[in-house]
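Below is one structure, written out as structure tokens, with a few remarks after it.
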Amino acid sequence: MAAQSKGWLLILIGSILGVFGAAFGSVGGLGGGGIFVPMITLIIGFDGKSSAGISKCMITGAAAATVCYNIRHRHPTLELPLIDYDRALLFQPMLVLGISAGVGLNVVFPVWTITVFLIIAFIGNANDEVEIKTQDEVTTSGTPTGNQEFVKSKVSLIENICWKELGLLIVVWVLILALQIIKNHSTTCSVEYWVLNFLQIPVAVGVSLYEAVRLYKGTRKIASKGDDTANWPINELASYCAIGLLAGTLGGMLGLGGGFILGPLFLEMGIPPQVSSATSAFTLLFSASMSVVEHYLLKRFPVPYALYLAVVATIATFVAQHVLGKVIKILGRASIIIFILSGMIFGSAISLGIQFPIGTTTNSGFLSEIEILAINNLFL
């Protein structure tokens, strides 16, 4: 009975932390992986690799809830959708490609080899957020997002979606997922295995290159920040694609969503916080769901646990998005998103720092006891 009570207590504590991680992570567009992974490892008792898979399930649920909430909304100051589909088309294919590589590295390398660098990245991004906040505070207070009234045209859901860009994103997701499933049935390190691995590169790079060429030539413009910048520099476009690949690789390896890189980057690119959060969550939906399938094929997490925590994250995100919308409408300041984003990055750095010395020594025997208890008494 004592072990059972302890197991239920840990599940309850983990669920509560999952609620707060999903709520604040979805608001900032981070996904919440920096909170989920240490929580699942240190409190519930899973090993680091299983925690990465479960975390991806929670991120997918939170991202799906965020997208469902934001897909009907319009840009706060322009006659555009809230989600920046062109920006997502530039980043998402490389993010998905990085996820595929990161999940593979998760199998090969121990988590601690990269955790220290992630802590540094979280702290560095949080410091950058303070500077971004100062600039964005002026922007949001001097636009209709602030105290002025802005009359937005009402459009239907069908008109509020850029179907061509969305279709390309879905095609990339389906093709890479199909290659992953076929690869899972091939012999590891065989010729077929490596061919299927490398076939993902032209799929992802081709779509990102297609969008980058359009931006470079000026035939397509990203207008979500208010100015129609034409002829983007090649080095800038290349660096953005590389950052997307890096975010996906780190996210796939450690169970993070990649939003800890994309969120601050989108803000530095000058787009409003609401658009940054919505677009980051939109890209995370594709990358995190891809990672869930890959972790599942590798049998890296127990499905009942993952489903339960994903539902918790989804419900928490719906509530958080609704509350955030009300708060921004009352206060008239969207910069609250940047405060939450900074706080989540700092909190993730601290939690990952705690996980680094403690999580690598987690007792796997305790995990087995809790897993059996939860499956028998909660999920069946």
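Chains: A, B, ... in order of the structure tokens. Residues: from 1 per chain. Ligands: from 1, in order shown.
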Discussion item. To test your reading of the structure, identify every residue in range 135-344 of chain A that backbone DSSP assigns to alpha helix (DSSP H), and report it as a PyMOL selection string.
Written reply: chain A and resi 135-141+163-184+191-217+234-254+259-268+273-297+303-331+336-344
Considering only C-alpha atoms, tabulate each residue of range 27-52 of chain A that lies at most 12 Å from range 292-299 of chain A along with its nearest interatomic pair and the corresponding distance in Å to one decimal; arrange the rows by chain and ascending residue number and present them as CSV.
```
residue,atom,partner,partner_atom,distance
A:Lys49,CA,A:His295,CA,9.3
A:Ser50,CA,A:His295,CA,8.6
A:Ser51,CA,A:His295,CA,10.5
A:Ala52,CA,A:His295,CA,8.5
```
Can I get the residues of range 184-232 of chain A within 12 Å of range 94-105 of chain A, each with the closest pair of atoms and their distance in Å to one decimal, using only C-alpha atoms, sorted chain first then ascending number, as CSV?
```
residue,atom,partner,partner_atom,distance
A:Asn184,CA,A:Gly104,CA,11.6
A:Thr188,CA,A:Gly104,CA,11.6
A:Leu196,CA,A:Ser100,CA,11.6
A:Asn197,CA,A:Ser100,CA,8.8
A:Phe198,CA,A:Leu97,CA,10.2
A:Leu199,CA,A:Leu97,CA,10.5
A:Gln200,CA,A:Leu97,CA,6.9
A:Ile201,CA,A:Leu97,CA,7.0
A:Pro202,CA,A:Leu97,CA,9.9
A:Val203,CA,A:Leu97,CA,8.9
A:Ala204,CA,A:Met94,CA,5.8
A:Val205,CA,A:Met94,CA,6.6
A:Gly206,CA,A:Met94,CA,9.7
A:Val207,CA,A:Met94,CA,8.9
A:Ser208,CA,A:Met94,CA,7.0
A:Leu209,CA,A:Met94,CA,9.9
A:Glu211,CA,A:Met94,CA,11.8
A:Ala212,CA,A:Met94,CA,11.9
```
Practice prompt. For Gly31 in chain A, work out the shell of residues within 8 Å, counting only C-alpha atoms and skipping chain neighbours fewer than 3 positions away, then give it as a PyMOL selection string.
Written response: chain A and resi 22+25-26+28+59+62-63+256-259+281+284
Keeping only all heavy atoms, write the selected residues as a JSON list (two decimals), in the first residue's frame.
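Saved as again13.json:
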```
[["chain", "number", "residue", "atom", "x", "y", "z"],
["A", 22, "ALA", "N", 2.85, 22.78, -19.71],
["A", 22, "ALA", "CA", 2.12, 22.89, -20.97],
["A", 22, "ALA", "C", 1.49, 24.27, -21.11],
["A", 22, "ALA", "O", 1.50, 24.87, -22.20],
["A", 22, "ALA", "CB", 1.04, 21.81, -21.05],
["A", 25, "GLY", "N", 4.41, 26.86, -21.48],
["A", 25, "GLY", "CA", 5.17, 26.55, -22.68],
["A", 25, "GLY", "C", 4.40, 26.86, -23.95],
["A", 25, "GLY", "O", 4.96, 27.36, -24.92],
["A", 26, "SER", "N", 3.10, 26.57, -23.96],
["A", 26, "SER", "CA", 2.30, 26.85, -25.15],
["A", 26, "SER", "C", 2.12, 28.34, -25.37],
["A", 26, "SER", "O", 2.09, 28.82, -26.50],
["A", 26, "SER", "CB", 0.93, 26.18, -25.02],
["A", 26, "SER", "OG", 0.19, 26.73, -23.94],
["A", 28, "GLY", "N", 4.30, 30.69, -24.64],
["A", 28, "GLY", "CA", 5.52, 31.23, -25.20],
["A", 28, "GLY", "C", 5.94, 30.60, -26.52],
["A", 28, "GLY", "O", 6.90, 31.05, -27.14],
["A", 59, "ILE", "N", 4.28, 17.48, -25.90],
["A", 59, "ILE", "CA", 4.48, 18.64, -26.76],
["A", 59, "ILE", "C", 3.52, 18.60, -27.94],
["A", 59, "ILE", "O", 2.95, 19.63, -28.35],
["A", 59, "ILE", "CB", 5.94, 18.71, -27.25],
["A", 59, "ILE", "CG1", 6.88, 18.99, -26.07],
["A", 59, "ILE", "CG2", 6.11, 19.79, -28.31],
["A", 59, "ILE", "CD1", 8.35, 18.86, -26.42],
["A", 62, "ALA", "N", 0.08, 19.63, -26.71],
["A", 62, "ALA", "CA", 0.03, 21.08, -26.45],
["A", 62, "ALA", "C", 0.05, 21.87, -27.75],
["A", 62, "ALA", "O", -0.69, 22.85, -27.91],
["A", 62, "ALA", "CB", 1.21, 21.48, -25.57],
["A", 63, "ALA", "N", 0.89, 21.45, -28.70],
["A", 63, "ALA", "CA", 0.97, 22.16, -29.98],
["A", 63, "ALA", "C", -0.33, 22.03, -30.77],
["A", 63, "ALA", "O", -0.80, 22.99, -31.38],
["A", 63, "ALA", "CB", 2.15, 21.62, -30.80],
["A", 256, "LEU", "N", 12.88, 17.80, -26.52],
["A", 256, "LEU", "CA", 12.41, 19.18, -26.51],
["A", 256, "LEU", "C", 11.73, 19.46, -27.84],
["A", 256, "LEU", "O", 11.88, 18.73, -28.81],
["A", 256, "LEU", "CB", 13.57, 20.14, -26.28],
["A", 256, "LEU", "CG", 14.45, 19.83, -25.07],
["A", 256, "LEU", "CD1", 15.60, 20.81, -24.99],
["A", 256, "LEU", "CD2", 13.64, 19.88, -23.79],
["A", 257, "GLY", "N", 10.98, 20.54, -27.89],
["A", 257, "GLY", "CA", 10.22, 20.82, -29.10],
["A", 257, "GLY", "C", 10.97, 21.61, -30.15],
["A", 257, "GLY", "O", 10.55, 21.70, -31.29],
["A", 258, "GLY", "N", 12.08, 22.22, -29.79],
["A", 258, "GLY", "CA", 12.77, 23.10, -30.71],
["A", 258, "GLY", "C", 12.30, 24.54, -30.60],
["A", 258, "GLY", "O", 12.90, 25.45, -31.17],
["A", 259, "GLY", "N", 11.21, 24.75, -29.85],
["A", 259, "GLY", "CA", 10.68, 26.11, -29.69],
["A", 259, "GLY", "C", 11.58, 27.01, -28.88],
["A", 259, "GLY", "O", 11.49, 28.23, -28.98],
["A", 281, "ALA", "N", 4.36, 27.25, -32.43],
["A", 281, "ALA", "CA", 3.55, 26.08, -32.09],
["A", 281, "ALA", "C", 3.13, 25.31, -33.33],
["A", 281, "ALA", "O", 3.06, 24.08, -33.33],
["A", 281, "ALA", "CB", 2.32, 26.52, -31.28],
["A", 284, "LEU", "N", 6.02, 23.28, -34.45],
["A", 284, "LEU", "CA", 6.27, 22.21, -33.48],
["A", 284, "LEU", "C", 5.28, 21.07, -33.63],
["A", 284, "LEU", "O", 5.61, 19.92, -33.33],
["A", 284, "LEU", "CB", 6.21, 22.76, -32.05],
["A", 284, "LEU", "CG", 7.32, 23.73, -31.62],
["A", 284, "LEU", "CD1", 7.16, 24.09, -30.15],
["A", 284, "LEU", "CD2", 8.68, 23.13, -31.88]]
```
Practice prompt. Mind giving me the straight-line distance from CA of Ser15 in chain A to CA of Ile40 in chain A in Å, one decimal?
Written response: 9.6 Å
Worksheet entry | Coordinates-based distance that separates CA of Ala64 in chain A from CA of His185 in chain A (Å, one decimal) |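 So the answer is 28.7 Å.
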Practice prompt. Would you please work out which residue, of A:Met253, A:Val319, A:Leu331, A:Leu90, is nearest to Arg214 in chain A when using only C-alpha atoms?
Written response: A:Leu90
Report as JSON lines the residues of range 34-90 of chain A within 12 Å of range 239-247 of chain A, each with its shortest atom pair and distance in Å (one decimal), using only C-alpha atoms, ordered by chain and increasing residue number.
```
{"residue": "A:Arg87", "atom": "CA", "partner": "A:Tyr240", "partner_atom": "CA", "distance": 10.0}
{"residue": "A:Ala88", "atom": "CA", "partner": "A:Gly244", "partner_atom": "CA", "distance": 10.1}
{"residue": "A:Leu89", "atom": "CA", "partner": "A:Cys241", "partner_atom": "CA", "distance": 10.4}
{"residue": "A:Leu90", "atom": "CA", "partner": "A:Cys241", "partner_atom": "CA", "distance": 7.0}
```
Dump as a PDB file, in the first residue's frame, selection limited to all heavy atoms:
```pdb
ATOM      1  N   ARG A  87       6.712  31.688 -43.134  1.00  0.00           N
ATOM      2  CA  ARG A  87       7.837  31.499 -42.208  1.00  0.00           C
ATOM      3  C   ARG A  87       7.915  30.032 -41.775  1.00  0.00           C
ATOM      4  O   ARG A  87       9.005  29.472 -41.640  1.00  0.00           O
ATOM      5  CB  ARG A  87       7.673  32.417 -40.993  1.00  0.00           C
ATOM      6  CG  ARG A  87       8.973  32.726 -40.264  1.00  0.00           C
ATOM      7  CD  ARG A  87       8.710  33.727 -39.150  1.00  0.00           C
ATOM      8  NE  ARG A  87       8.148  34.963 -39.659  1.00  0.00           N
ATOM      9  CZ  ARG A  87       8.867  36.024 -39.977  1.00  0.00           C
ATOM     10  NH1 ARG A  87      10.180  35.986 -39.863  1.00  0.00           N
ATOM     11  NH2 ARG A  87       8.289  37.127 -40.424  1.00  0.00           N
ATOM     12  N   ALA A  88       6.770  29.430 -41.551  1.00  0.00           N
ATOM     13  CA  ALA A  88       6.754  28.012 -41.175  1.00  0.00           C
ATOM     14  C   ALA A  88       7.286  27.144 -42.312  1.00  0.00           C
ATOM     15  O   ALA A  88       8.002  26.159 -42.071  1.00  0.00           O
ATOM     16  CB  ALA A  88       5.329  27.585 -40.812  1.00  0.00           C
ATOM     17  N   LEU A  89       6.972  27.509 -43.554  1.00  0.00           N
ATOM     18  CA  LEU A  89       7.430  26.723 -44.697  1.00  0.00           C
ATOM     19  C   LEU A  89       8.942  26.806 -44.857  1.00  0.00           C
ATOM     20  O   LEU A  89       9.571  25.866 -45.357  1.00  0.00           O
ATOM     21  CB  LEU A  89       6.750  27.215 -45.976  1.00  0.00           C
ATOM     22  CG  LEU A  89       6.986  26.399 -47.241  1.00  0.00           C
ATOM     23  CD1 LEU A  89       6.519  24.961 -47.055  1.00  0.00           C
ATOM     24  CD2 LEU A  89       6.270  27.042 -48.429  1.00  0.00           C
ATOM     25  N   LEU A  90       9.542  27.891 -44.426  1.00  0.00           N
ATOM     26  CA  LEU A  90      10.998  28.031 -44.491  1.00  0.00           C
ATOM     27  C   LEU A  90      11.687  27.181 -43.434  1.00  0.00           C
ATOM     28  O   LEU A  90      12.736  26.570 -43.694  1.00  0.00           O
ATOM     29  CB  LEU A  90      11.385  29.506 -44.316  1.00  0.00           C
ATOM     30  CG  LEU A  90      12.883  29.830 -44.361  1.00  0.00           C
ATOM     31  CD1 LEU A  90      13.459  29.518 -45.744  1.00  0.00           C
ATOM     32  CD2 LEU A  90      13.127  31.297 -43.998  1.00  0.00           C
TER      33      LEU A  90
END
```
Worksheet item: Distance CA of Gly270 in chain A-CA of Leu157 in chain A, one decimal place?
Response: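 Between CA of Gly270 in chain A and CA of Leu157 in chain A the gap is 26.0 Å.
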